file work_38.txt (compact mmCIF, C-alpha atoms)
# COMPACT_ATOMS: atom_id res chain seq x y z
CA MET A 26 272.03 4.83 83.08
CA GLN A 27 268.60 3.33 82.78
CA ASN A 28 269.25 1.23 85.83
CA VAL A 29 270.24 4.30 87.80
CA LEU A 30 267.00 6.00 86.77
CA ARG A 31 265.06 2.89 87.62
CA PHE A 32 266.74 2.80 91.01
CA PHE A 33 265.77 6.41 91.71
CA LEU A 34 262.19 5.83 90.58
CA ARG A 35 261.85 2.73 92.62
CA TYR A 36 263.18 4.20 95.84
CA ARG A 37 261.85 7.74 95.33
CA ILE A 38 259.88 7.73 98.60
CA LEU A 39 262.78 6.56 100.69
CA LEU A 40 265.16 8.92 98.87
CA THR A 41 262.81 11.86 99.47
CA LEU A 42 262.69 10.93 103.14
CA VAL A 43 266.47 10.69 103.36
CA LEU A 44 266.83 14.02 101.55
CA LEU A 45 264.40 15.70 103.95
CA GLN A 46 266.12 14.18 106.96
CA VAL A 47 269.53 15.35 105.82
CA GLY A 48 268.12 18.80 105.13
CA GLY A 49 266.55 18.89 108.58
CA LEU A 50 269.80 17.78 110.18
CA ILE A 51 271.76 20.48 108.39
CA LEU A 52 269.21 23.12 109.41
CA THR A 53 269.29 21.91 113.01
CA TYR A 54 273.05 21.98 113.31
CA ARG A 55 273.28 25.37 111.63
CA LEU A 56 270.44 27.26 113.31
CA SER A 57 270.04 25.78 116.78
CA PRO A 58 272.75 27.25 119.08
CA PHE A 59 273.05 24.11 121.21
CA HIS A 60 273.52 21.88 118.18
CA SER A 61 275.90 24.18 116.39
CA SER A 62 278.13 24.33 119.48
CA ILE A 63 278.23 20.52 119.54
CA TYR A 64 279.01 20.48 115.85
CA TRP A 65 282.00 22.80 116.20
CA GLU A 66 283.24 20.91 119.22
CA HIS A 67 283.31 17.73 117.14
CA VAL A 68 284.93 19.44 114.18
CA LEU A 69 287.66 20.98 116.33
CA SER A 70 288.41 17.80 118.23
CA ALA A 71 288.57 15.86 114.95
CA GLN A 72 291.04 18.43 113.62
CA ALA A 73 293.10 18.14 116.79
CA HIS A 74 293.20 14.34 116.47
CA TRP A 75 294.23 14.58 112.85
CA ASN A 76 296.99 17.06 113.67
CA GLN A 77 298.23 14.86 116.47
CA PHE A 78 298.27 11.84 114.19
CA ARG A 79 300.08 13.75 111.45
CA SER A 80 302.63 15.30 113.74
CA GLY A 81 303.27 11.91 115.29
CA TRP A 82 304.33 10.53 111.92
CA LYS A 83 306.21 13.72 111.07
CA ASP A 84 308.20 13.43 114.30
CA TYR A 85 308.98 9.85 113.45
CA PHE A 86 310.43 10.78 110.08
CA ASP A 87 312.33 13.70 111.64
CA LEU A 88 314.12 11.40 114.06
CA GLU A 89 317.16 11.19 111.81
CA LYS A 90 317.64 14.94 111.90
CA VAL A 91 317.05 15.03 115.65
CA ASN A 92 319.70 12.36 116.02
CA GLN A 93 322.20 14.40 114.03
CA ASP A 94 321.48 17.50 116.09
CA LEU A 95 321.98 15.56 119.30
CA GLN A 96 325.27 14.17 118.04
CA ALA A 97 326.49 17.66 117.23
CA GLU A 98 325.47 18.86 120.65
CA ASN A 99 327.16 15.86 122.24
CA ALA A 100 330.37 16.69 120.46
CA GLN A 101 330.25 20.26 121.75
CA LEU A 102 329.65 19.10 125.31
CA ARG A 103 332.48 16.59 125.13
CA ALA A 104 334.77 19.34 123.93
CA LEU A 105 333.80 21.40 126.98
CA LEU A 106 334.41 18.45 129.30
CA SER A 107 337.95 18.00 128.14
CA GLN A 108 338.86 21.54 129.11
CA PRO A 109 340.17 22.23 132.64
CA LYS A 110 337.44 23.05 135.13
CA GLN A 111 336.83 26.71 135.79
CA LYS A 112 336.17 28.05 139.26
CA THR A 113 332.83 29.70 139.85
CA VAL A 114 333.27 33.43 139.60
CA ASN A 115 329.76 34.52 140.50
CA ALA A 116 329.46 35.19 144.22
CA VAL A 117 325.85 34.12 144.19
CA ASP A 118 326.30 30.75 142.62
CA SER A 119 323.72 28.10 143.32
CA ASN A 120 326.37 25.99 145.06
CA GLN A 121 326.12 28.53 147.83
CA PHE A 122 322.47 27.69 148.43
CA ILE A 123 320.89 24.61 149.92
CA TRP A 124 317.42 23.98 148.55
CA VAL A 125 314.63 22.30 150.48
CA TYR A 126 311.63 21.18 148.49
CA GLY A 127 308.12 21.51 149.97
CA ASP A 128 304.57 22.55 149.27
CA VAL A 129 302.45 25.55 150.12
CA ILE A 130 299.55 24.12 152.11
CA TYR A 131 297.83 27.28 153.32
CA GLY A 132 297.78 30.88 152.25
CA THR A 133 295.70 34.02 152.22
CA SER A 134 295.68 36.99 149.89
CA HIS A 135 292.72 39.06 151.05
CA GLN A 136 294.19 40.59 154.19
CA LEU A 137 296.67 43.39 154.69
CA ASN A 138 299.13 40.98 156.29
CA ASN A 139 299.12 37.64 154.55
CA ASP A 140 300.98 34.53 155.57
CA LEU A 141 301.63 31.16 154.01
CA ILE A 142 302.28 27.83 155.62
CA ILE A 143 304.60 25.26 154.06
CA ASN A 144 304.98 21.65 155.03
CA ARG A 145 308.69 21.80 155.95
CA GLY A 146 310.01 22.58 159.41
CA THR A 147 313.12 22.52 161.55
CA LEU A 148 313.54 18.80 160.96
CA ASP A 149 314.22 19.65 157.32
CA GLY A 150 316.60 22.44 158.29
CA VAL A 151 314.16 25.30 157.76
CA LYS A 152 314.80 28.28 160.04
CA PRO A 153 313.33 31.77 160.31
CA GLY A 154 314.92 34.24 157.92
CA GLN A 155 315.34 31.86 155.00
CA GLY A 156 313.81 32.73 151.65
CA VAL A 157 310.99 30.80 150.00
CA LEU A 158 310.66 30.61 146.21
CA SER A 159 308.04 29.15 143.92
CA PRO A 160 308.63 27.88 140.36
CA THR A 161 307.28 31.17 139.00
CA GLY A 162 308.57 33.68 141.51
CA VAL A 163 309.17 34.62 145.12
CA LEU A 164 306.79 33.60 147.90
CA GLY A 165 308.31 35.29 150.94
CA ILE A 166 310.57 34.79 153.93
CA VAL A 167 310.23 32.20 156.69
CA ASN A 168 308.87 33.83 159.82
CA SER A 169 308.67 30.96 162.29
CA SER A 170 309.07 27.20 162.20
CA ASN A 171 308.13 24.21 164.25
CA LYS A 172 309.20 20.62 163.73
CA TYR A 173 307.16 19.98 160.62
CA PHE A 174 305.73 23.27 159.38
CA SER A 175 306.85 26.82 158.78
CA LYS A 176 305.02 30.11 158.61
CA VAL A 177 306.13 32.29 155.74
CA THR A 178 305.69 36.05 155.64
CA SER A 179 304.22 36.37 152.18
CA LEU A 180 305.22 39.04 149.68
CA LEU A 181 301.68 40.26 150.30
CA HIS A 182 302.50 41.49 153.81
CA SER A 183 302.83 45.08 154.90
CA ASN A 184 306.19 44.32 156.55
CA SER A 185 307.61 42.45 153.60
CA ARG A 186 310.59 44.12 151.92
CA ILE A 187 312.47 42.20 149.28
CA SER A 188 315.36 43.61 147.35
CA GLY A 189 315.00 43.35 143.61
CA THR A 190 316.86 44.45 140.57
CA VAL A 191 316.00 45.35 137.00
CA SER A 192 317.16 42.35 135.05
CA ARG A 193 318.08 44.28 131.91
CA THR A 194 320.10 47.12 133.44
CA GLY A 195 320.89 46.04 137.00
CA TYR A 196 319.42 48.94 139.00
CA PHE A 197 318.51 48.13 142.59
CA GLY A 198 315.14 48.70 144.22
CA THR A 199 312.85 47.29 146.86
CA VAL A 200 309.71 45.27 146.30
CA VAL A 201 306.92 46.04 148.73
CA TRP A 202 303.17 45.54 148.85
CA GLU A 203 300.83 48.34 149.85
CA GLY A 204 297.61 46.37 149.68
CA GLY A 205 295.16 46.12 146.81
CA ALA A 206 295.39 43.59 144.03
CA SER A 207 297.24 40.46 145.08
CA ASN A 208 299.18 40.19 141.84
CA LYS A 209 300.45 43.80 141.75
CA LEU A 210 303.42 44.91 143.85
CA GLN A 211 305.33 48.18 144.16
CA PHE A 212 308.96 48.47 143.20
CA ILE A 213 310.27 51.52 145.07
CA ASP A 214 313.48 53.34 145.99
CA LEU A 215 314.76 53.28 142.43
CA ALA A 216 317.40 55.86 141.63
CA ILE A 217 316.16 58.77 139.48
CA GLU A 218 318.63 57.87 136.73
CA ALA A 219 317.66 54.18 136.71
CA ASP A 220 317.00 52.88 133.24
CA ILE A 221 313.70 51.05 133.52
CA THR A 222 310.83 50.72 131.07
CA ILE A 223 307.47 49.03 131.03
CA GLY A 224 307.88 45.33 130.37
CA ASP A 225 311.23 45.01 132.16
CA THR A 226 311.65 41.90 134.27
CA ILE A 227 312.40 42.38 137.96
CA VAL A 228 314.51 39.62 139.54
CA THR A 229 315.92 38.93 142.98
CA ASP A 230 319.43 40.07 143.82
CA GLY A 231 322.08 38.98 146.27
CA ARG A 232 322.18 42.13 148.41
CA SER A 233 320.15 40.77 151.27
CA ALA A 234 321.84 37.36 151.24
CA ILE A 235 318.45 35.66 151.40
CA PHE A 236 317.63 34.73 147.81
CA PRO A 237 319.84 33.56 144.97
CA ALA A 238 320.27 36.33 142.43
CA GLY A 239 318.28 36.30 139.21
CA TRP A 240 315.12 34.52 140.34
CA PRO A 241 312.15 36.21 138.59
CA ILE A 242 309.68 38.27 140.63
CA GLY A 243 307.52 40.00 138.02
CA PHE A 244 307.45 42.51 135.21
CA VAL A 245 306.89 46.26 135.14
CA VAL A 246 303.41 47.41 134.14
CA SER A 247 303.57 51.12 135.02
CA LEU A 248 306.11 53.73 136.14
CA THR A 249 305.96 56.93 138.17
CA CYS A 250 308.71 59.46 138.78
CA ASP A 251 308.88 61.40 142.08
CA ASN A 252 310.78 64.62 141.22
CA ALA A 253 310.75 65.90 144.80
CA GLN A 254 312.41 62.80 146.26
CA TYR A 255 314.55 62.07 143.21
CA THR A 256 313.31 58.52 143.04
CA GLN A 257 311.28 56.43 140.67
CA SER A 258 308.82 53.74 141.50
CA ALA A 259 307.13 51.08 139.43
CA VAL A 260 304.16 48.76 139.68
CA ILE A 261 305.10 45.17 138.87
CA GLU A 262 302.86 42.26 138.08
CA LEU A 263 303.79 38.82 139.32
CA TRP A 264 304.44 35.95 136.89
CA GLY A 265 302.47 33.55 139.03
CA SER A 266 300.04 33.74 141.93
CA ILE A 267 301.25 33.57 145.51
CA SER A 268 298.31 32.20 147.44
CA ARG A 269 297.65 28.87 145.92
CA GLN A 270 298.81 25.33 146.44
CA GLN A 271 302.12 25.03 144.67
CA PRO A 272 305.66 23.75 145.16
CA ALA A 273 307.84 25.88 147.42
CA TYR A 274 311.64 25.90 147.60
CA VAL A 275 313.18 27.06 150.87
CA VAL A 276 316.67 28.39 150.16
CA ARG A 277 319.38 28.54 152.81
CA ASN A 278 322.36 30.76 152.07
CA THR A 279 325.34 29.05 153.64
CA LEU A 280 327.45 32.21 153.32
CA ALA A 281 324.83 34.64 154.63
CA GLU A 282 326.64 35.37 157.90
CA VAL A 283 329.96 35.79 156.16
CA GLN A 284 328.40 38.27 153.75
CA ASN A 285 326.49 40.20 156.39
CA SER A 286 329.44 40.44 158.78
CA LEU A 287 331.05 42.93 156.42
CA LEU A 288 328.06 45.25 156.77
CA GLU A 289 328.35 45.41 160.54
CA PRO A 290 329.96 48.56 161.82
CA MET B 23 239.66 11.47 107.45
CA LYS B 24 238.06 11.28 104.05
CA ASN B 25 237.76 14.66 102.44
CA TRP B 26 240.42 17.35 102.04
CA PRO B 27 238.53 20.57 102.98
CA HIS B 28 237.63 19.06 106.32
CA TRP B 29 241.31 18.22 106.87
CA VAL B 30 242.38 21.75 105.90
CA TYR B 31 240.09 23.33 108.52
CA TRP B 32 241.39 20.99 111.17
CA SER B 33 245.02 21.64 110.18
CA PHE B 34 244.68 25.38 110.51
CA GLY B 35 242.92 25.00 113.84
CA LEU B 36 245.53 22.58 115.18
CA LEU B 37 248.52 24.62 114.03
CA PHE B 38 246.99 27.75 115.52
CA PHE B 39 246.32 25.97 118.82
CA GLN B 40 249.84 24.51 118.85
CA SER B 41 251.60 27.81 118.14
CA PHE B 42 249.69 30.08 120.44
CA VAL B 43 248.76 27.84 123.32
CA LEU B 44 250.73 24.60 123.60
CA SER B 45 254.15 25.83 122.51
CA GLN B 46 254.02 28.32 125.38
CA ILE B 47 253.81 25.47 127.91
CA GLN B 48 257.16 24.32 129.28
CA VAL B 49 257.41 22.43 132.54
CA TYR B 50 261.11 22.26 133.44
CA GLY B 51 261.89 21.41 129.81
CA TYR B 52 260.25 18.01 130.25
CA LEU B 53 256.67 18.48 129.13
CA ASN B 54 256.19 19.72 125.58
CA PRO B 55 252.92 18.50 124.06
CA HIS B 56 253.12 18.48 120.26
CA VAL B 57 249.54 18.05 119.12
CA TYR B 58 250.37 19.34 115.63
CA LEU B 59 251.33 15.83 114.60
CA LEU B 60 247.60 15.08 114.47
CA VAL B 61 247.66 17.11 111.23
CA ILE B 62 249.85 14.42 109.70
CA LEU B 63 247.92 11.55 111.25
CA LEU B 64 244.66 12.94 109.87
CA ILE B 65 245.76 13.42 106.25
CA PRO B 66 243.08 11.72 104.09
CA ALA B 67 243.86 8.14 103.24
CA SER B 68 243.86 8.86 99.52
CA ALA B 69 247.03 11.00 99.74
CA SER B 70 250.06 9.62 97.88
CA ARG B 71 253.20 8.82 99.84
CA ILE B 72 255.18 11.65 98.25
CA SER B 73 252.51 14.20 99.12
CA LEU B 74 252.45 12.80 102.67
CA LEU B 75 256.19 13.44 102.96
CA LEU B 76 255.84 16.95 101.52
CA ILE B 77 252.98 17.85 103.85
CA GLY B 78 255.04 16.48 106.74
CA ALA B 79 257.98 18.64 105.71
CA LEU B 80 255.75 21.72 105.42
CA VAL B 81 254.12 21.23 108.81
CA GLY B 82 257.42 20.40 110.53
CA GLY B 83 259.19 23.28 108.84
CA PHE B 84 256.44 25.64 109.98
CA MET B 85 256.84 24.44 113.58
CA ASP B 86 260.61 24.88 113.38
CA PHE B 87 260.09 28.37 112.04
CA GLN B 88 257.78 29.10 114.97
CA MET B 89 259.97 27.59 117.67
CA LEU B 90 263.38 28.53 116.21
CA SER B 91 264.51 24.94 116.51
CA GLY B 92 266.44 24.52 113.27
CA GLY B 93 265.09 21.40 111.55
CA MET B 94 264.20 19.03 114.37
CA HIS B 95 260.44 19.10 113.84
CA LEU B 96 260.94 18.78 110.11
CA MET B 97 262.89 15.56 110.65
CA ALA B 98 260.40 14.08 113.10
CA SER B 99 257.37 15.05 111.00
CA THR B 100 258.75 13.58 107.77
CA LEU B 101 259.64 10.36 109.59
CA LEU B 102 256.10 10.15 110.92
CA ALA B 103 254.71 10.91 107.45
CA TYR B 104 256.87 8.10 106.06
CA PHE B 105 255.45 5.59 108.51
CA ARG B 106 251.88 6.89 108.30
CA PRO B 107 250.70 4.42 105.57
CA TYR B 108 252.03 1.44 107.54
CA LEU B 109 250.30 2.67 110.69
CA LEU B 110 247.06 3.19 108.83
CA ASP B 111 247.22 -0.21 107.21
CA PHE B 112 247.72 -1.66 110.65
CA ILE B 113 244.39 -0.39 111.97
CA VAL B 114 242.30 -0.07 108.79
CA PRO B 115 243.50 -2.50 106.10
CA ARG B 116 243.04 -1.25 102.51
CA ALA B 117 242.19 2.24 103.77
CA SER B 118 244.24 4.00 101.07
CA GLU B 119 242.88 1.95 98.15
CA GLU B 120 239.28 2.65 99.07
CA ASN B 121 239.78 6.04 100.78
CA LEU B 122 238.19 4.83 103.97
CA GLY B 123 237.61 7.11 106.92
CA PHE B 124 239.55 6.45 110.10
CA THR B 125 238.24 8.86 112.72
CA ARG B 126 237.61 7.67 116.22
CA GLN B 127 233.90 7.23 115.57
CA GLU B 128 234.57 5.14 112.48
CA VAL B 129 237.25 2.82 113.88
CA GLY B 130 236.35 2.75 117.56
CA TRP B 131 238.32 3.72 120.66
CA GLN B 132 240.77 0.83 120.72
CA LYS B 133 242.09 1.28 117.20
CA TRP B 134 242.12 5.05 117.49
CA VAL B 135 244.22 4.87 120.67
CA VAL B 136 246.68 2.42 119.08
CA TYR B 137 246.96 4.61 116.00
CA THR B 138 247.59 7.90 117.81
CA ILE B 139 249.85 6.50 120.54
CA LEU B 140 252.08 4.65 118.05
CA GLY B 141 252.33 7.78 115.91
CA THR B 142 253.11 9.91 118.95
CA PHE B 143 255.88 7.62 120.11
CA ILE B 144 257.53 7.48 116.69
CA HIS B 145 257.44 11.26 116.46
CA HIS B 146 258.47 12.10 120.03
CA PHE B 147 261.28 9.62 120.47
CA TYR B 148 262.87 10.73 117.23
CA LEU B 149 262.33 14.42 117.98
CA PHE B 150 263.90 14.25 121.43
CA ALA B 151 266.75 12.05 120.22
CA VAL B 152 267.67 14.70 117.66
CA ASP B 153 267.11 17.43 120.23
CA ALA B 154 269.48 15.80 122.72
CA HIS B 155 272.07 15.07 120.01
CA GLY B 156 272.00 11.30 120.42
CA LEU B 157 271.29 9.07 123.39
CA TYR B 158 273.98 10.21 125.83
CA ASP B 159 271.51 10.60 128.69
CA PRO B 160 269.18 7.61 128.10
CA LEU B 161 267.15 7.97 131.29
CA GLY B 162 266.49 11.68 130.83
CA PHE B 163 265.68 11.09 127.18
CA VAL B 164 263.17 8.30 127.87
CA TRP B 165 261.60 10.23 130.73
CA ARG B 166 261.27 13.40 128.67
CA SER B 167 259.91 11.61 125.60
CA PHE B 168 257.55 9.56 127.68
CA LEU B 169 256.10 12.49 129.61
CA SER B 170 255.62 14.60 126.49
CA ALA B 171 254.17 11.66 124.56
CA MET B 172 251.69 11.06 127.37
CA ALA B 173 250.65 14.72 127.39
CA THR B 174 250.30 14.75 123.62
CA GLY B 175 248.42 11.45 123.67
CA VAL B 176 245.88 12.63 126.22
CA LEU B 177 245.28 15.86 124.30
CA MET B 178 244.85 13.95 121.04
CA LEU B 179 242.39 11.54 122.60
CA ILE B 180 240.33 14.51 123.79
CA MET B 181 240.42 15.89 120.26
CA GLY B 182 239.42 12.50 118.92
CA ILE B 183 236.04 13.08 120.51
CA LEU B 184 235.63 16.36 118.62
CA ILE B 185 236.55 15.02 115.19
CA LYS B 186 233.37 14.05 113.38
CA PRO B 187 233.43 11.71 110.41
CA SER B 188 233.26 13.56 107.13
CA ALA B 189 229.84 13.99 105.66
CA LEU B 190 231.07 12.76 102.31
call {"tool": "encode", "arguments": {"input": "work_38.txt", "output": "structure tokens"}}
result
Amino acid sequence: MQNVLRFFLRYRILLTLVLLQVGGLILTYRLSPFHSSIYWEHVLSAQAHWNQFRSGWKDYFDLEKVNQDLQAENAQLRALLSQPKQKTVNAVDSNQFIWVYGDVIYGTSHQLNNDLIINRGTLDGVKPGQGVLSPTGVLGIVNSSNKYFSKVTSLLHSNSRISGTVSRTGYFGTVVWEGGASNKLQFIDLAIEADITIGDTIVTDGRSAIFPAGWPIGFVVSLTCDNAQYTQSAVIELWGSISRQQPAYVVRNTLAEVQNSLLEP
Amino acid sequence: MKNWPHWVYWSFGLLFFQSFVLSQIQVYGYLNPHVYLLVILLIPASASRISLLLIGALVGGFMDFQMLSGGMHLMASTLLAYFRPYLLDFIVPRASEENLGFTRQEVGWQKWVVYTILGTFIHHFYLFAVDAHGLYDPLGFVWRSFLSAMATGVLMLIMGILIKPSAL
């Protein structure tokens, strides 16, 4: 104890200095906005590192359980394999569509009639009239193609009309764009009795034989009811943006002509 | 300096000048003269080391309070106050034992310049290092410290002419 006291007495100047420095540091990092932002940045990133470290070890010790789950799943899948193959019953099965992968390389969203350009052309089998999808929604319909590139009539085009359906209840409608915000589209021509509420997901359907059914377009943000025309319409918001660089899938419906021939008079 | 009343007048004058004139000068964030550190450099040689530290903390804390800078000036001022006896011994040996005066007129230009410039550099480099949260931008840091230290140094040399040795 005496030695501790002696230590403090001996180094009292240095200790006072250290104390004052620490006090100054605390004041600085608490009161100065620049320093306090740095402080919290460090604290948060340290927490993130710690959590990552901890979850890494936790995952490691959970591997046994993961293994068991995978075995159970494997057993289920094997059981399915041993059963006789079923024929596809859905008319709009993905086997019916040929997918071509490309990228959106140009696009606008500020005009009344917007177009996109993708880097796939006739050499890849892209032809006018085929649908173009993105990972988060629908981009539009191919308008013209050359050897290497294709022009796509975007959803954000005054002539664009895409058939959609309410995912939850199956009522048909048409997705159009009347200008304005580039992430808000109109869903019109809905029957008056259609069961649709705010938050419903609108997906593509197989009526037009362009898109595979069930690809997401957007979700309903507002509804209006036209009592004179006996229709409803909705405003839908897109899941993703249209006019940006992103992957694009051109879909070719191999049975389109067969389907459409029935509609001819 | 030798006697305390003389030092007290100078301190008030310097702090007033610093707060109302110099702290209002900011040239692109690079030029901030901090003449108030002359208050610490001028503390009479007879002061004990603890009282030096406490005066440093008071002066620095007052500047922080004025400039809303947290505790940066407090840190720099106490560091300078800690090194003050070594600096003083360097230019006037045995100054503290015999309470010698160390104004410009008593020690001459050369020693006075060495004393103030060394003190300025200790104070400014530390202050700007804390201000920039470490030395991530070494060139900007050196440039900023150097410019401000030069401005402070020139101002302090001018003041050195005004400081008369104590009558006592």
call {"tool": "residues_around", "arguments": {"input": "work_38.txt", "residues": "Ser268 (chain A)", "least_positions_apart": "6", "cutoff": "8 Å", "atoms": "only C-alpha atoms", "output": "CSV table (one decimal) with C-alpha atoms, keeping the file's coordinate frame"}}
result
chain,number,residue,atom,x,y,z
A,131,TYR,CA,297.8,27.3,153.3
A,132,GLY,CA,297.8,30.9,152.2
A,133,THR,CA,295.7,34.0,152.2
A,134,SER,CA,295.7,37.0,149.9
A,141,LEU,CA,301.6,31.2,154.0
call {"tool": "interface_residues", "arguments": {"input": "work_38.txt", "of": "chain B", "to": "chain A", "cutoff": "8 Å", "atoms": "all atoms listed in the file", "output": "list in words"}}
result
Arg71, Ile72, Leu75, Ala79, Leu90, Ser91, Gly92, Gly93, Met94, Leu96, Met97, Thr100, Leu101, Tyr104 and His155 of chain B
call {"tool": "residues_around", "arguments": {"input": "work_38.txt", "residues": "Gly224 (chain A)", "least_positions_apart": "4", "cutoff": "8 Å", "atoms": "all atoms listed in the file", "output": "list of chain:residue names"}}
result
A:Phe244, A:Val245, A:Val246
call {"tool": "closest_residue", "arguments": {"input": "work_38.txt", "among": "B:Ala67, B:Leu74, B:Met23, B:Val164", "to": "Tyr148 (chain B)", "atoms": "only C-alpha atoms"}}
result
B:Val164
call {"tool": "residues_around", "arguments": {"input": "work_38.txt", "residues": "Ala151 (chain B)", "least_positions_apart": "2", "cutoff": "12 Å", "atoms": "all atoms listed in the file", "output": "count of residues only"}}
result
27
call {"tool": "residues_around", "arguments": {"input": "work_38.txt", "residues": "region 188-192 of chain A", "least_positions_apart": "2", "cutoff": "7 Å", "atoms": "all atoms listed in the file", "output": "JSON, numbers by chain"}}
result
{"A": [186, 194, 195, 196, 197, 198, 199, 200, 225, 226, 227, 228, 229, 230, 233]}
call {"tool": "residues_around", "arguments": {"input": "work_38.txt", "residues": "Glu262 (chain A)", "least_positions_apart": "2", "cutoff": "10 Å", "atoms": "all atoms listed in the file", "output": "PDB file with C-alpha atoms, keeping the file's coordinate frame"}}
result
ATOM      1  CA  ALA A 206     295.390  43.590 144.030  1.00  0.00           C
ATOM      2  CA  SER A 207     297.240  40.460 145.080  1.00  0.00           C
ATOM      3  CA  ASN A 208     299.180  40.190 141.840  1.00  0.00           C
ATOM      4  CA  LYS A 209     300.450  43.800 141.750  1.00  0.00           C
ATOM      5  CA  LEU A 210     303.420  44.910 143.850  1.00  0.00           C
ATOM      6  CA  GLN A 211     305.330  48.180 144.160  1.00  0.00           C
ATOM      7  CA  GLY A 224     307.880  45.330 130.370  1.00  0.00           C
ATOM      8  CA  THR A 226     311.650  41.900 134.270  1.00  0.00           C
ATOM      9  CA  ILE A 227     312.400  42.380 137.960  1.00  0.00           C
ATOM     10  CA  ILE A 242     309.680  38.270 140.630  1.00  0.00           C
ATOM     11  CA  GLY A 243     307.520  40.000 138.020  1.00  0.00           C
ATOM     12  CA  PHE A 244     307.450  42.510 135.210  1.00  0.00           C
ATOM     13  CA  VAL A 245     306.890  46.260 135.140  1.00  0.00           C
ATOM     14  CA  VAL A 246     303.410  47.410 134.140  1.00  0.00           C
ATOM     15  CA  SER A 247     303.570  51.120 135.020  1.00  0.00           C
ATOM     16  CA  ALA A 259     307.130  51.080 139.430  1.00  0.00           C
ATOM     17  CA  VAL A 260     304.160  48.760 139.680  1.00  0.00           C
ATOM     18  CA  TRP A 264     304.440  35.950 136.890  1.00  0.00           C
ATOM     19  CA  GLY A 265     302.470  33.550 139.030  1.00  0.00           C
ATOM     20  CA  SER A 266     300.040  33.740 141.930  1.00  0.00           C
TER      21      SER A 266
END
call {"tool": "decode", "arguments": {"input": "work_38.txt", "residues": "region 44-87 of chain A", "atoms": "C-alpha atoms", "output": "PDB file, in the first residue's frame"}}
result
ATOM      1  CA  LEU A  44      -5.588  12.517 -16.276  1.00  0.00           C
ATOM      2  CA  LEU A  45      -6.021  15.892 -17.974  1.00  0.00           C
ATOM      3  CA  GLN A  46      -5.275  14.410 -21.387  1.00  0.00           C
ATOM      4  CA  VAL A  47      -7.811  11.642 -20.918  1.00  0.00           C
ATOM      5  CA  GLY A  48     -10.365  14.176 -19.710  1.00  0.00           C
ATOM      6  CA  GLY A  49      -9.679  16.365 -22.733  1.00  0.00           C
ATOM      7  CA  LEU A  50      -9.997  13.388 -25.054  1.00  0.00           C
ATOM      8  CA  ILE A  51     -13.334  12.394 -23.543  1.00  0.00           C
ATOM      9  CA  LEU A  52     -14.612  15.972 -23.814  1.00  0.00           C
ATOM     10  CA  THR A  53     -13.444  16.195 -27.422  1.00  0.00           C
ATOM     11  CA  TYR A  54     -15.088  12.978 -28.520  1.00  0.00           C
ATOM     12  CA  ARG A  55     -18.304  13.819 -26.701  1.00  0.00           C
ATOM     13  CA  LEU A  56     -18.765  17.483 -27.596  1.00  0.00           C
ATOM     14  CA  SER A  57     -17.159  17.989 -30.996  1.00  0.00           C
ATOM     15  CA  PRO A  58     -19.564  16.729 -33.716  1.00  0.00           C
ATOM     16  CA  PHE A  59     -16.791  15.621 -36.068  1.00  0.00           C
ATOM     17  CA  HIS A  60     -15.051  13.603 -33.369  1.00  0.00           C
ATOM     18  CA  SER A  61     -18.200  12.072 -31.974  1.00  0.00           C
ATOM     19  CA  SER A  62     -19.182  10.853 -35.448  1.00  0.00           C
ATOM     20  CA  ILE A  63     -15.775   9.189 -35.786  1.00  0.00           C
ATOM     21  CA  TYR A  64     -16.178   7.667 -32.362  1.00  0.00           C
ATOM     22  CA  TRP A  65     -19.531   6.076 -33.181  1.00  0.00           C
ATOM     23  CA  GLU A  66     -18.255   4.869 -36.519  1.00  0.00           C
ATOM     24  CA  HIS A  67     -15.466   3.009 -34.727  1.00  0.00           C
ATOM     25  CA  VAL A  68     -17.788   1.640 -32.065  1.00  0.00           C
ATOM     26  CA  LEU A  69     -20.271   0.357 -34.637  1.00  0.00           C
ATOM     27  CA  SER A  70     -17.656  -1.208 -36.865  1.00  0.00           C
ATOM     28  CA  ALA A  71     -16.063  -2.888 -33.840  1.00  0.00           C
ATOM     29  CA  GLN A  72     -19.467  -4.282 -32.895  1.00  0.00           C
ATOM     30  CA  ALA A  73     -19.984  -5.515 -36.439  1.00  0.00           C
ATOM     31  CA  HIS A  74     -16.599  -7.263 -36.406  1.00  0.00           C
ATOM     32  CA  TRP A  75     -17.354  -8.878 -33.081  1.00  0.00           C
ATOM     33  CA  ASN A  76     -20.743 -10.085 -34.295  1.00  0.00           C
ATOM     34  CA  GLN A  77     -19.198 -11.479 -37.439  1.00  0.00           C
ATOM     35  CA  PHE A  78     -16.545 -13.285 -35.436  1.00  0.00           C
ATOM     36  CA  ARG A  79     -19.114 -14.691 -33.020  1.00  0.00           C
ATOM     37  CA  SER A  80     -21.537 -15.777 -35.693  1.00  0.00           C
ATOM     38  CA  GLY A  81     -18.686 -17.418 -37.570  1.00  0.00           C
ATOM     39  CA  TRP A  82     -17.985 -19.672 -34.600  1.00  0.00           C
ATOM     40  CA  LYS A  83     -21.690 -20.183 -33.953  1.00  0.00           C
ATOM     41  CA  ASP A  84     -22.180 -21.338 -37.546  1.00  0.00           C
ATOM     42  CA  TYR A  85     -19.293 -23.714 -37.130  1.00  0.00           C
ATOM     43  CA  PHE A  86     -20.844 -25.351 -34.088  1.00  0.00           C
ATOM     44  CA  ASP A  87     -24.247 -25.454 -35.813  1.00  0.00           C
TER      45      ASP A  87
END
